[in-house]
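S.K.: My file is upload27.cif. It has mmCIF, C-alpha atoms:
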```
data_structure
loop_
_atom_site.label_atom_id
_atom_site.label_comp_id
_atom_site.auth_asym_id
_atom_site.auth_seq_id
_atom_site.Cartn_x
_atom_site.Cartn_y
_atom_site.Cartn_z
CA MET E 1 151.20 167.66 100.08
CA PHE E 2 154.69 167.08 101.44
CA ARG E 3 157.90 169.01 101.00
CA ASP E 4 161.36 167.94 102.09
CA LEU E 5 163.15 170.79 103.89
CA SER E 6 166.32 168.82 104.65
CA ARG E 7 169.92 168.99 103.48
CA PRO E 8 171.46 165.78 102.14
CA ILE E 9 173.78 164.08 104.64
CA GLU E 10 176.99 162.97 102.92
CA THR E 11 180.73 162.65 103.30
CA GLY E 12 182.39 166.07 103.28
CA MET E 13 179.21 168.09 103.68
CA PRO E 14 179.48 171.60 105.17
CA THR E 15 179.38 171.71 108.98
CA TYR E 16 179.41 174.42 111.63
CA PRO E 17 182.99 175.60 112.30
CA GLY E 18 184.70 173.15 114.67
CA ASP E 19 182.06 170.41 114.36
CA PRO E 20 183.11 166.87 113.45
CA ASP E 21 183.39 165.91 109.78
CA VAL E 22 180.56 163.81 108.38
CA THR E 23 181.33 160.49 106.71
CA LEU E 24 179.02 157.85 105.30
CA ALA E 25 181.01 154.76 104.33
CA PRO E 26 180.15 151.21 103.23
CA ASP E 27 180.28 148.50 105.89
CA ALA E 28 178.69 145.23 104.69
CA THR E 29 178.61 144.90 100.88
CA HIS E 30 176.58 142.92 98.37
CA GLU E 31 179.75 141.29 97.07
CA THR E 32 181.01 140.04 100.44
CA ASP E 33 177.94 139.80 102.64
CA GLY E 34 174.97 139.56 100.33
CA TYR E 35 173.53 142.85 101.57
CA ALA E 36 174.66 146.44 102.06
CA THR E 37 174.96 148.48 105.24
CA SER E 38 176.94 151.63 105.95
CA GLU E 39 178.46 153.45 108.86
CA LEU E 40 177.51 157.04 109.50
CA ARG E 41 179.75 159.33 111.52
CA THR E 42 178.20 162.69 112.19
CA GLY E 43 178.04 165.49 114.66
CA THR E 44 174.70 165.84 116.39
CA HIS E 45 174.33 169.30 114.79
CA ALA E 46 175.23 168.43 111.21
CA GLY E 47 172.93 169.38 108.36
CA THR E 48 169.28 170.00 109.11
CA HIS E 49 168.90 169.38 112.85
CA VAL E 50 167.21 170.30 116.11
CA ASP E 51 168.91 171.70 119.21
CA ALA E 52 168.11 170.39 122.67
CA PRO E 53 168.24 172.85 125.57
CA ARG E 54 171.40 171.01 126.70
CA HIS E 55 173.18 172.30 123.58
CA THR E 56 173.87 175.67 125.15
CA LEU E 57 172.57 175.23 128.73
CA SER E 58 174.62 172.76 130.75
CA GLU E 59 171.66 171.88 132.94
CA GLY E 60 169.18 171.91 130.06
CA GLU E 61 166.84 169.15 128.94
CA ALA E 62 168.31 166.43 126.71
CA ILE E 63 166.85 165.70 123.27
CA ASP E 64 165.27 162.42 124.45
CA GLU E 65 163.54 163.98 127.45
CA ARG E 66 160.92 165.73 125.33
CA ASP E 67 157.98 163.70 123.93
CA ALA E 68 158.44 162.86 120.26
CA GLY E 69 155.03 164.34 119.38
CA ALA E 70 156.28 167.79 120.42
CA PHE E 71 158.36 167.81 117.22
CA ALA E 72 155.30 167.81 114.96
CA PHE E 73 155.00 171.58 114.72
CA ASP E 74 152.23 173.94 113.74
CA ALA E 75 154.49 176.23 111.75
CA ARG E 76 154.10 179.71 110.36
CA LEU E 77 156.37 180.99 107.61
CA VAL E 78 157.86 184.46 108.13
CA ASP E 79 159.63 185.78 105.06
CA LEU E 80 162.25 188.27 106.21
CA ARG E 81 163.92 188.80 102.85
CA PRO E 82 165.79 190.80 101.78
CA LEU E 83 168.40 190.81 104.55
CA GLU E 84 172.03 191.89 104.50
CA PRO E 85 174.95 189.71 105.64
CA ARG E 86 175.04 189.55 109.45
CA GLU E 87 171.99 191.79 109.69
CA PRO E 88 170.30 191.71 113.10
CA ILE E 89 166.69 190.49 113.00
CA THR E 90 164.65 192.73 115.27
CA ALA E 91 161.56 191.95 117.32
CA GLU E 92 159.57 194.21 115.01
CA ALA E 93 160.33 191.90 112.07
CA LEU E 94 158.44 189.10 113.84
CA PRO E 95 154.66 188.80 114.21
CA ASP E 96 152.86 190.78 116.90
CA PRO E 97 151.36 188.73 119.73
CA ASP E 98 147.88 189.83 118.65
CA ALA E 99 148.50 188.91 115.00
CA ILE E 100 149.37 185.26 115.46
CA ASP E 101 147.23 182.18 115.88
CA ALA E 102 147.79 180.76 119.37
CA ALA E 103 148.17 177.26 117.88
CA VAL E 104 151.43 178.22 116.14
CA ASP E 105 154.42 176.77 117.98
CA LEU E 106 157.18 177.39 115.43
CA LEU E 107 158.13 180.37 113.28
CA VAL E 108 160.03 179.34 110.17
CA LEU E 109 162.17 182.40 109.49
CA ARG E 110 163.18 182.69 105.88
CA THR E 111 166.32 184.80 105.61
CA GLY E 112 167.29 183.71 102.11
CA TRP E 113 170.58 182.33 103.42
CA ALA E 114 169.90 178.80 102.16
CA ALA E 115 171.17 180.04 98.78
CA HIS E 116 174.68 180.43 100.26
CA TRP E 117 175.07 176.80 101.43
CA ARG E 118 178.57 175.45 100.51
CA THR E 119 180.08 178.93 100.39
CA ASP E 120 181.90 181.06 102.99
CA ARG E 121 178.97 183.46 102.78
CA TYR E 122 176.75 180.90 104.49
CA ARG E 123 178.48 181.81 107.76
CA ASP E 124 177.53 185.47 107.39
CA HIS E 125 173.85 184.84 108.06
CA PRO E 126 171.49 187.26 109.79
CA TYR E 127 170.89 186.59 113.49
CA LEU E 128 168.24 187.19 116.13
CA THR E 129 168.62 190.14 118.46
CA GLU E 130 167.97 189.68 122.15
CA ALA E 131 164.64 191.48 121.66
CA ALA E 132 163.67 189.12 118.81
CA ALA E 133 164.40 186.06 120.97
CA GLU E 134 162.39 187.71 123.74
CA ARG E 135 159.49 188.19 121.29
CA CYS E 136 159.59 184.46 120.51
CA ARG E 137 159.39 183.67 124.21
CA GLU E 138 156.45 186.03 124.56
CA LEU E 139 154.74 184.23 121.65
CA GLY E 140 155.71 180.85 123.08
CA VAL E 141 157.20 179.79 119.75
CA GLY E 142 160.44 178.17 118.67
CA VAL E 143 162.25 179.01 115.46
CA GLY E 144 163.19 177.21 112.27
CA LEU E 145 165.99 178.82 110.30
CA ASP E 146 167.61 178.53 106.87
CA THR E 147 170.97 179.31 108.54
CA PHE E 148 173.50 177.75 110.94
CA GLY E 149 171.49 179.17 113.83
CA PRO E 150 169.94 182.14 115.61
CA ASP E 151 173.29 183.53 116.86
CA PRO E 152 176.15 184.83 114.67
CA THR E 153 178.60 182.25 113.30
CA PRO E 154 182.34 183.05 113.23
CA PRO E 155 183.31 184.35 109.76
CA ALA E 156 185.35 182.23 107.35
CA LYS E 157 188.23 184.72 107.31
CA SER E 158 189.58 185.29 110.81
CA GLY E 159 190.12 188.89 111.74
CA GLU E 160 187.25 190.07 109.59
CA THR E 161 185.79 193.21 111.08
CA GLY E 162 183.23 195.77 110.16
CA PRO E 163 180.30 197.66 111.58
CA SER E 164 178.07 194.61 111.75
CA ARG E 165 180.70 192.38 113.41
CA ALA E 166 181.49 194.95 116.13
CA ASP E 167 177.90 195.04 117.28
CA GLU E 168 177.44 191.28 117.35
CA PRO E 169 176.80 189.55 120.66
CA ASP E 170 179.31 187.09 122.12
CA GLY E 171 178.37 183.57 123.01
CA THR E 172 174.93 182.13 122.27
CA PRO E 173 172.40 184.58 123.74
CA ALA E 174 169.54 183.85 121.30
CA HIS E 175 170.00 180.09 121.75
CA ASP E 176 170.11 180.53 125.52
CA SER E 177 166.99 182.68 125.59
CA LEU E 178 164.93 180.23 123.51
CA LEU E 179 166.29 177.05 125.07
CA LYS E 180 165.80 178.39 128.60
CA ASP E 181 162.06 178.11 127.88
CA SER E 182 162.58 174.77 126.10
CA LEU E 183 161.55 176.39 122.81
CA PRO E 184 162.71 174.36 119.83
CA ILE E 185 165.36 175.48 117.34
CA VAL E 186 165.53 173.83 113.92
CA GLU E 187 168.58 174.80 111.85
CA ASN E 188 169.87 174.53 108.27
CA LEU E 189 166.43 174.21 106.68
CA CYS E 190 166.17 174.49 102.90
CA GLY E 191 163.49 174.19 100.24
CA LEU E 192 161.42 177.05 101.70
CA ASP E 193 160.43 178.39 98.28
CA GLY E 194 156.69 178.25 97.63
CA LEU E 195 155.68 177.03 101.08
CA PRO E 196 152.26 178.22 102.28
CA ALA E 197 151.99 180.64 105.21
CA ARG E 198 150.93 177.82 107.55
CA PHE E 199 151.98 174.19 107.46
CA ARG E 200 152.82 171.29 109.68
CA LEU E 201 156.53 170.67 110.14
CA TYR E 202 157.79 167.26 111.21
CA ALA E 203 161.30 167.41 112.67
CA PHE E 204 161.50 164.33 114.87
CA PRO E 205 164.96 163.97 116.40
CA LEU E 206 166.59 160.56 116.66
CA ARG E 207 166.10 159.18 120.16
CA LEU E 208 169.71 159.91 121.18
CA ARG E 209 170.22 159.07 124.83
CA ASP E 210 171.05 162.28 126.73
CA GLY E 211 171.67 163.97 123.37
CA ASP E 212 172.29 167.70 122.89
CA GLY E 213 170.58 167.71 119.48
CA SER E 214 169.96 165.48 116.48
CA PRO E 215 170.02 165.47 112.71
CA VAL E 216 166.45 165.26 111.41
CA ARG E 217 164.48 164.78 108.24
CA ALA E 218 162.48 167.99 108.26
CA VAL E 219 159.26 167.52 106.26
CA ALA E 220 156.49 170.07 105.68
CA GLU E 221 152.90 168.95 105.10
CA TRP E 222 149.86 171.00 104.13
CA GLU E 223 146.47 170.58 102.48
CA GLU E 224 146.38 171.39 98.82
CA ALA E 225 144.06 174.28 98.05
CA MET R 1 147.72 161.53 120.29
CA PHE R 2 151.35 160.55 119.67
CA ARG R 3 153.30 157.48 120.65
CA ASP R 4 157.04 156.97 120.30
CA LEU R 5 157.78 153.55 118.77
CA SER R 6 161.57 153.98 118.73
CA ARG R 7 164.47 152.37 120.56
CA PRO R 8 166.91 154.70 122.32
CA ILE R 9 170.17 155.17 120.41
CA GLU R 10 173.13 154.90 122.76
CA THR R 11 176.66 153.61 123.14
CA GLY R 12 176.71 149.81 123.34
CA MET R 13 173.11 149.29 122.24
CA PRO R 14 172.18 145.93 120.67
CA THR R 15 172.78 145.70 116.93
CA TYR R 16 172.20 143.12 114.21
CA PRO R 17 175.03 140.52 114.19
CA GLY R 18 178.03 141.93 112.32
CA ASP R 19 176.76 145.52 112.22
CA PRO R 20 179.00 148.35 113.48
CA ASP R 21 178.92 149.26 117.17
CA VAL R 22 177.01 152.41 118.08
CA THR R 23 178.74 155.17 120.02
CA LEU R 24 177.54 158.60 121.06
CA ALA R 25 180.42 160.61 122.52
CA PRO R 26 180.92 164.24 123.59
CA ASP R 27 182.68 166.53 121.14
CA ALA R 28 182.41 170.20 122.14
CA THR R 29 181.74 170.73 125.86
CA HIS R 30 180.26 173.47 128.01
CA GLU R 31 183.52 173.68 129.99
CA THR R 32 185.82 174.14 126.98
CA ASP R 33 183.62 175.54 124.23
CA GLY R 34 180.62 177.10 125.93
CA TYR R 35 178.20 174.66 124.29
CA ALA R 36 177.82 170.91 123.89
CA THR R 37 177.86 168.81 120.73
CA SER R 38 178.43 165.08 120.29
CA GLU R 39 179.60 162.67 117.64
CA LEU R 40 177.36 159.78 116.69
CA ARG R 41 178.79 156.68 115.02
CA THR R 42 176.15 154.25 113.94
CA GLY R 43 175.30 151.65 111.36
CA THR R 44 172.54 152.68 108.99
CA HIS R 45 170.47 149.74 110.34
CA ALA R 46 170.92 150.31 114.08
CA GLY R 47 167.92 150.53 116.38
CA THR R 48 164.58 151.48 114.88
CA HIS R 49 165.24 152.05 111.18
CA VAL R 50 163.99 151.76 107.62
CA ASP R 51 165.51 149.64 104.85
CA ALA R 52 166.02 151.01 101.35
CA PRO R 53 165.69 148.60 98.41
CA ARG R 54 169.48 148.90 98.01
CA HIS R 55 169.91 147.14 101.37
CA THR R 56 169.43 143.71 99.82
CA LEU R 57 169.16 144.50 96.09
CA SER R 58 172.42 145.79 94.62
CA GLU R 59 170.57 147.75 91.93
CA GLY R 60 167.81 148.87 94.29
CA GLU R 61 166.65 152.40 95.02
CA ALA R 62 168.65 154.37 97.62
CA ILE R 63 166.99 155.79 100.72
CA ASP R 64 167.19 159.37 99.41
CA GLU R 65 165.59 158.54 96.06
CA ARG R 66 162.13 158.16 97.55
CA ASP R 67 160.08 161.28 98.42
CA ALA R 68 160.12 162.00 102.14
CA GLY R 69 156.31 162.12 102.31
CA ALA R 70 156.18 158.43 101.37
CA PHE R 71 157.39 157.67 104.89
CA ALA R 72 154.22 159.05 106.52
CA PHE R 73 152.34 155.76 106.52
CA ASP R 74 148.70 154.83 106.84
CA ALA R 75 149.35 151.88 109.15
CA ARG R 76 147.29 148.95 110.25
CA LEU R 77 148.23 146.97 113.35
CA VAL R 78 148.20 143.17 112.97
CA ASP R 79 148.62 141.38 116.28
CA LEU R 80 150.13 137.95 115.55
CA ARG R 81 150.74 136.91 119.15
CA PRO R 82 151.36 134.37 120.47
CA LEU R 83 154.21 133.15 118.28
CA GLU R 84 156.97 130.65 119.00
CA PRO R 85 160.70 131.36 118.54
CA ARG R 86 161.59 131.30 114.82
CA GLU R 87 157.99 130.55 113.91
CA PRO R 88 157.20 131.18 110.23
CA ILE R 89 154.48 133.80 109.68
CA THR R 90 152.17 132.54 106.96
CA ALA R 91 150.15 134.44 104.37
CA GLU R 92 146.98 133.31 106.18
CA ALA R 93 148.07 135.21 109.29
CA LEU R 94 147.91 138.45 107.30
CA PRO R 95 144.76 140.31 106.23
CA ASP R 96 142.87 139.14 103.14
CA PRO R 97 142.94 141.51 100.16
CA ASP R 98 139.16 142.00 100.50
CA ALA R 99 139.41 142.73 104.24
CA ILE R 100 141.77 145.66 104.12
CA ASP R 101 141.26 149.34 103.41
CA ALA R 102 143.03 150.24 100.17
CA ALA R 103 144.51 153.32 101.85
CA VAL R 104 146.66 151.17 104.15
CA ASP R 105 150.29 151.16 103.01
CA LEU R 106 151.99 149.55 106.00
CA LEU R 107 151.16 146.54 108.16
CA VAL R 108 152.67 146.81 111.62
CA LEU R 109 153.17 143.18 112.58
CA ARG R 110 153.23 142.64 116.31
CA THR R 111 155.09 139.43 117.08
CA GLY R 112 155.70 140.15 120.78
CA TRP R 113 159.46 139.98 120.18
CA ALA R 114 160.08 143.52 121.42
CA ALA R 115 160.03 142.01 124.94
CA HIS R 116 163.27 140.15 124.17
CA TRP R 117 165.37 143.21 123.26
CA ARG R 118 168.83 143.05 124.89
CA THR R 119 168.73 139.22 125.17
CA ASP R 120 169.95 136.43 122.88
CA ARG R 121 166.32 135.47 122.40
CA TYR R 122 165.75 138.65 120.41
CA ARG R 123 167.55 136.95 117.50
CA ASP R 124 165.08 134.05 117.51
CA HIS R 125 162.23 136.13 116.15
CA PRO R 126 159.45 134.86 113.89
CA TYR R 127 159.93 135.57 110.20
CA LEU R 128 157.85 136.02 107.05
CA THR R 129 157.40 133.08 104.71
CA GLU R 130 157.73 133.59 100.99
CA ALA R 131 153.95 133.39 100.74
CA ALA R 132 153.51 136.04 103.45
CA ALA R 133 155.86 138.40 101.62
CA GLU R 134 153.92 137.63 98.43
CA ARG R 135 150.68 138.53 100.24
CA CYS R 136 152.17 141.89 101.20
CA ARG R 137 153.04 142.53 97.55
CA GLU R 138 149.52 141.61 96.54
CA LEU R 139 148.19 144.07 99.14
CA GLY R 140 150.74 146.69 98.09
CA VAL R 141 151.85 147.18 101.69
CA GLY R 142 155.18 147.33 103.45
CA VAL R 143 155.81 145.95 106.92
CA GLY R 144 156.76 147.34 110.29
CA LEU R 145 158.21 144.78 112.69
CA ASP R 146 159.09 144.54 116.38
CA THR R 147 162.08 142.35 115.36
CA PHE R 148 165.44 142.60 113.57
CA GLY R 149 163.62 142.01 110.30
CA PRO R 150 161.36 139.91 108.10
CA ASP R 151 164.00 137.18 107.49
CA PRO R 152 165.56 134.91 110.12
CA THR R 153 168.55 136.29 112.07
CA PRO R 154 171.53 134.01 112.85
CA PRO R 155 171.15 132.55 116.36
CA ALA R 156 173.36 133.73 119.22
CA LYS R 157 174.90 130.28 119.72
CA SER R 158 176.53 129.09 116.52
CA GLY R 159 175.70 125.56 115.49
CA GLU R 160 172.24 125.75 117.02
CA THR R 161 169.92 123.45 115.13
CA GLY R 162 166.37 122.24 115.46
CA PRO R 163 163.26 121.67 113.40
CA SER R 164 162.58 125.37 112.95
CA ARG R 165 166.18 126.17 111.91
CA ALA R 166 166.35 123.41 109.32
CA ASP R 167 163.34 124.79 107.47
CA GLU R 168 164.53 128.37 107.50
CA PRO R 169 165.34 130.09 104.21
CA ASP R 170 168.87 131.21 103.38
CA GLY R 171 169.66 134.76 102.42
CA THR R 172 167.09 137.54 102.58
CA PRO R 173 164.10 136.32 100.52
CA ALA R 174 161.42 138.27 102.39
CA HIS R 175 163.48 141.47 102.20
CA ASP R 176 164.12 140.85 98.50
CA SER R 177 160.48 140.21 97.73
CA LEU R 178 159.26 143.38 99.47
CA LEU R 179 162.10 145.62 98.35
CA LYS R 180 161.79 144.48 94.73
CA ASP R 181 158.45 146.32 94.73
CA SER R 182 159.96 149.23 96.71
CA LEU R 183 157.73 148.31 99.65
CA PRO R 184 159.02 149.82 102.90
CA ILE R 185 160.41 147.78 105.81
CA VAL R 186 160.59 149.36 109.27
CA GLU R 187 162.49 147.30 111.86
CA ASN R 188 163.02 147.17 115.62
CA LEU R 189 159.81 148.96 116.52
CA CYS R 190 158.73 148.97 120.17
CA GLY R 191 155.95 150.46 122.28
CA LEU R 192 153.20 148.70 120.31
CA ASP R 193 151.10 148.04 123.39
CA GLY R 194 147.71 149.77 123.32
CA LEU R 195 148.00 151.13 119.79
CA PRO R 196 144.71 151.43 117.89
CA ALA R 197 144.03 149.22 114.85
CA ARG R 198 144.73 152.13 112.49
CA PHE R 199 147.14 154.99 112.94
CA ARG R 200 149.54 157.16 111.05
CA LEU R 201 153.19 156.16 111.35
CA TYR R 202 155.94 158.68 110.69
CA ALA R 203 159.28 157.02 109.94
CA PHE R 204 161.17 159.63 107.96
CA PRO R 205 164.70 158.45 107.14
CA LEU R 206 167.62 160.85 107.36
CA ARG R 207 168.45 162.15 103.89
CA LEU R 208 171.54 159.95 103.59
CA ARG R 209 173.06 160.33 100.13
CA ASP R 210 172.82 156.98 98.30
CA GLY R 211 172.02 155.34 101.66
CA ASP R 212 170.90 151.71 102.09
CA GLY R 213 168.73 152.56 105.08
CA SER R 214 168.50 154.98 107.99
CA PRO R 215 167.82 155.11 111.70
CA VAL R 216 164.50 156.87 112.28
CA ARG R 217 162.34 158.28 115.03
CA ALA R 218 159.21 156.19 114.48
CA VAL R 219 156.17 158.04 115.82
CA ALA R 220 152.53 156.91 115.75
CA GLU R 221 149.70 159.46 115.65
CA TRP R 222 145.96 158.91 115.93
CA GLU R 223 142.81 160.79 116.87
CA GLU R 224 141.66 160.24 120.42
CA ALA R 225 138.25 158.60 120.57
#
```
Will you turn the file into structure tokens for me?
M.R.:
Amino acid sequence: MFRDLSRPIETGMPTYPGDPDVTLAPDATHETDGYATSELRTGTHAGTHVDAPRHTLSEGEAIDERDAGAFAFDARLVDLRPLEPREPITAEALPDPDAIDAAVDLLVLRTGWAAHWRTDRYRDHPYLTEAAAERCRELGVGVGLDTFGPDPTPPAKSGETGPSRADEPDGTPAHDSLLKDSLPIVENLCGLDGLPARFRLYAFPLRLRDGDGSPVRAVAEWEEA
Amino acid sequence: MFRDLSRPIETGMPTYPGDPDVTLAPDATHETDGYATSELRTGTHAGTHVDAPRHTLSEGEAIDERDAGAFAFDARLVDLRPLEPREPITAEALPDPDAIDAAVDLLVLRTGWAAHWRTDRYRDHPYLTEAAAERCRELGVGVGLDTFGPDPTPPAKSGETGPSRADEPDGTPAHDSLLKDSLPIVENLCGLDGLPARFRLYAFPLRLRDGDGSPVRAVAEWEEA
């Protein structure tokens, strides 16, 4: 049983604030060339993608330095819903070290934010506290997220303030904490509805030379009961 | 046990004649932005990739119309070496219908041409005859190739002739034959040395909206003996 957990990649798709626009345009055509090819222009962090340690750590590992097989994950689903906009995810919301199978190497954290894709609200996703990232390191697991990432994203309306914003960390502390241990981060997942508690997640990055990340086709597989 | 069968994707990499150049360039940087992202510009058929039926059939299925799980293949390795430049691969060189496990859905054809990557000789790869493509349809299998594709590629020196060239088909008949039945084609594989006779091949395309193909990370997996 397979399930696609990936966003479509297309011209004008939503991207993280400041990232390059995505375009997919015809190159060769049936009419002129007898076959069709296209040119894709994309940021390395567009749509469903994986982060390499180099994304936030200047001396970090590049995406092509890790063996491809390491991106076939033994994943565990953690349903955190309901969560408020910009709510911090605490360590206590994640599994205890003694309540998790040692084989698990990725927690897929369902925040419910996938429903906000293509709206300003998608930026106001929950984020991992320092203690939650530390818990992941203790468990030796990376994270998959149905959001832009594990750290807060700048809001759509500049100058927006509020209790949650004031307490938010600067920079990319959750990224840094996970990537420092070369723990994987898979972002902008979707299609998490009805997944079993455990599944295999394939999220093989393109073999981008010295890359800081890569769009992926994220695919879940599990045995039917 | 995993094995990466993919070409690195990088600025200036070899591409099929007439395809767009590939570039991977920095966008955000650690110095300016506190994190690194890049912009990738690539043809949909650069490096190791899969063809959608739409690649050579104007009314063919797009790459995102097929379920992602269909790109986790039950592959059988067929070692065709040694082969001469531009040698036709005949139906007889492929497995008989009664000598192949029905579960197999991809033949990985090893021509030995991966050794010529980055040279003009890489264009002079062996190709599938009409009868060989017909055999694949009979078997209900797609093909993985360590070449630009199942049809002849224009030679590096224009005007090159010879006995093999004169007999070559025009157009993309092997592509057409396979893609007409929605049989997959995976091109520019490498790293085929020492693979077992049977393995699983993951070649999940990016979810490119209405795409004619997609670069992939092709990864083999098998149980260690």
S.K.: Run the PyMOL selection byres ((chain R) within 8 of (chain E)) on the file and write out the hits as a ChimeraX atom specification.
M.R.: /R:1-4,6-10,19-20,24,27-28,30,34-45,54-58,67-69,171,204-209,211-213,215-217,219
S.K.: Determine the residue set returned by the PyMOL selection byres ((chain E and resi 145-157) around 8) for the present structure, and present it as a ChimeraX atom specification.
M.R.: /E:16-17,86,108-114,120-128,143-144,158-160,168-169,171-175,185-190
S.K.: Show which residues sit within 10 Å of E:Asp181, as a count of residues only. Count only C-alpha atoms, and ignore same-chain residues fewer than 4 positions away.
M.R.: 8
S.K.: Could you spell out the hits of the PyMOL selection byres ((chain E and resi 78) around 10) on the shown file, as a list in words?
M.R.: Ala75, Arg76, Leu77, Asp79, Leu80, Arg81, Ala93, Leu94, Pro95, Leu107, Val108, Leu109, Arg110, Thr111, Gly144, Ala197 and Arg198 of chain E
S.K.: R:Ile63, R:Ala115, R:Leu192, R:Cys136: which is nearest R:His49, counting all atoms listed in the file?
M.R.: R:Ile63
S.K.: What separation in Å, quoted to one decimal, exists between atom CA of R:Phe199 and atom CA of R:Asp96?
M.R.: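 Result for atom CA of R:Phe199 versus atom CA of R:Asp96: 19.1 Å, one decimal.
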S.K.: For a test of reading the model, state the distance in Å between atom CA of E:Thr129 and atom CA of E:Ala102, rounded to one decimal.
M.R.: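 Atom CA of E:Thr129 sits 22.9 Å away from atom CA of E:Ala102.
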S.K.: What is the atom CA of E:Leu183-atom CA of E:Thr90 distance in Å, reported with one decimal?
M.R.: 18.3 Å
S.K.: I'd like to know which of R:His116, R:Pro97, R:Leu179, R:Asp167 is closest to R:Leu139, using only C-alpha atoms.
M.R.: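 Between R:His116, R:Pro97, R:Leu179, R:Asp167, the residue approaching R:Leu139 most closely is R:Pro97.
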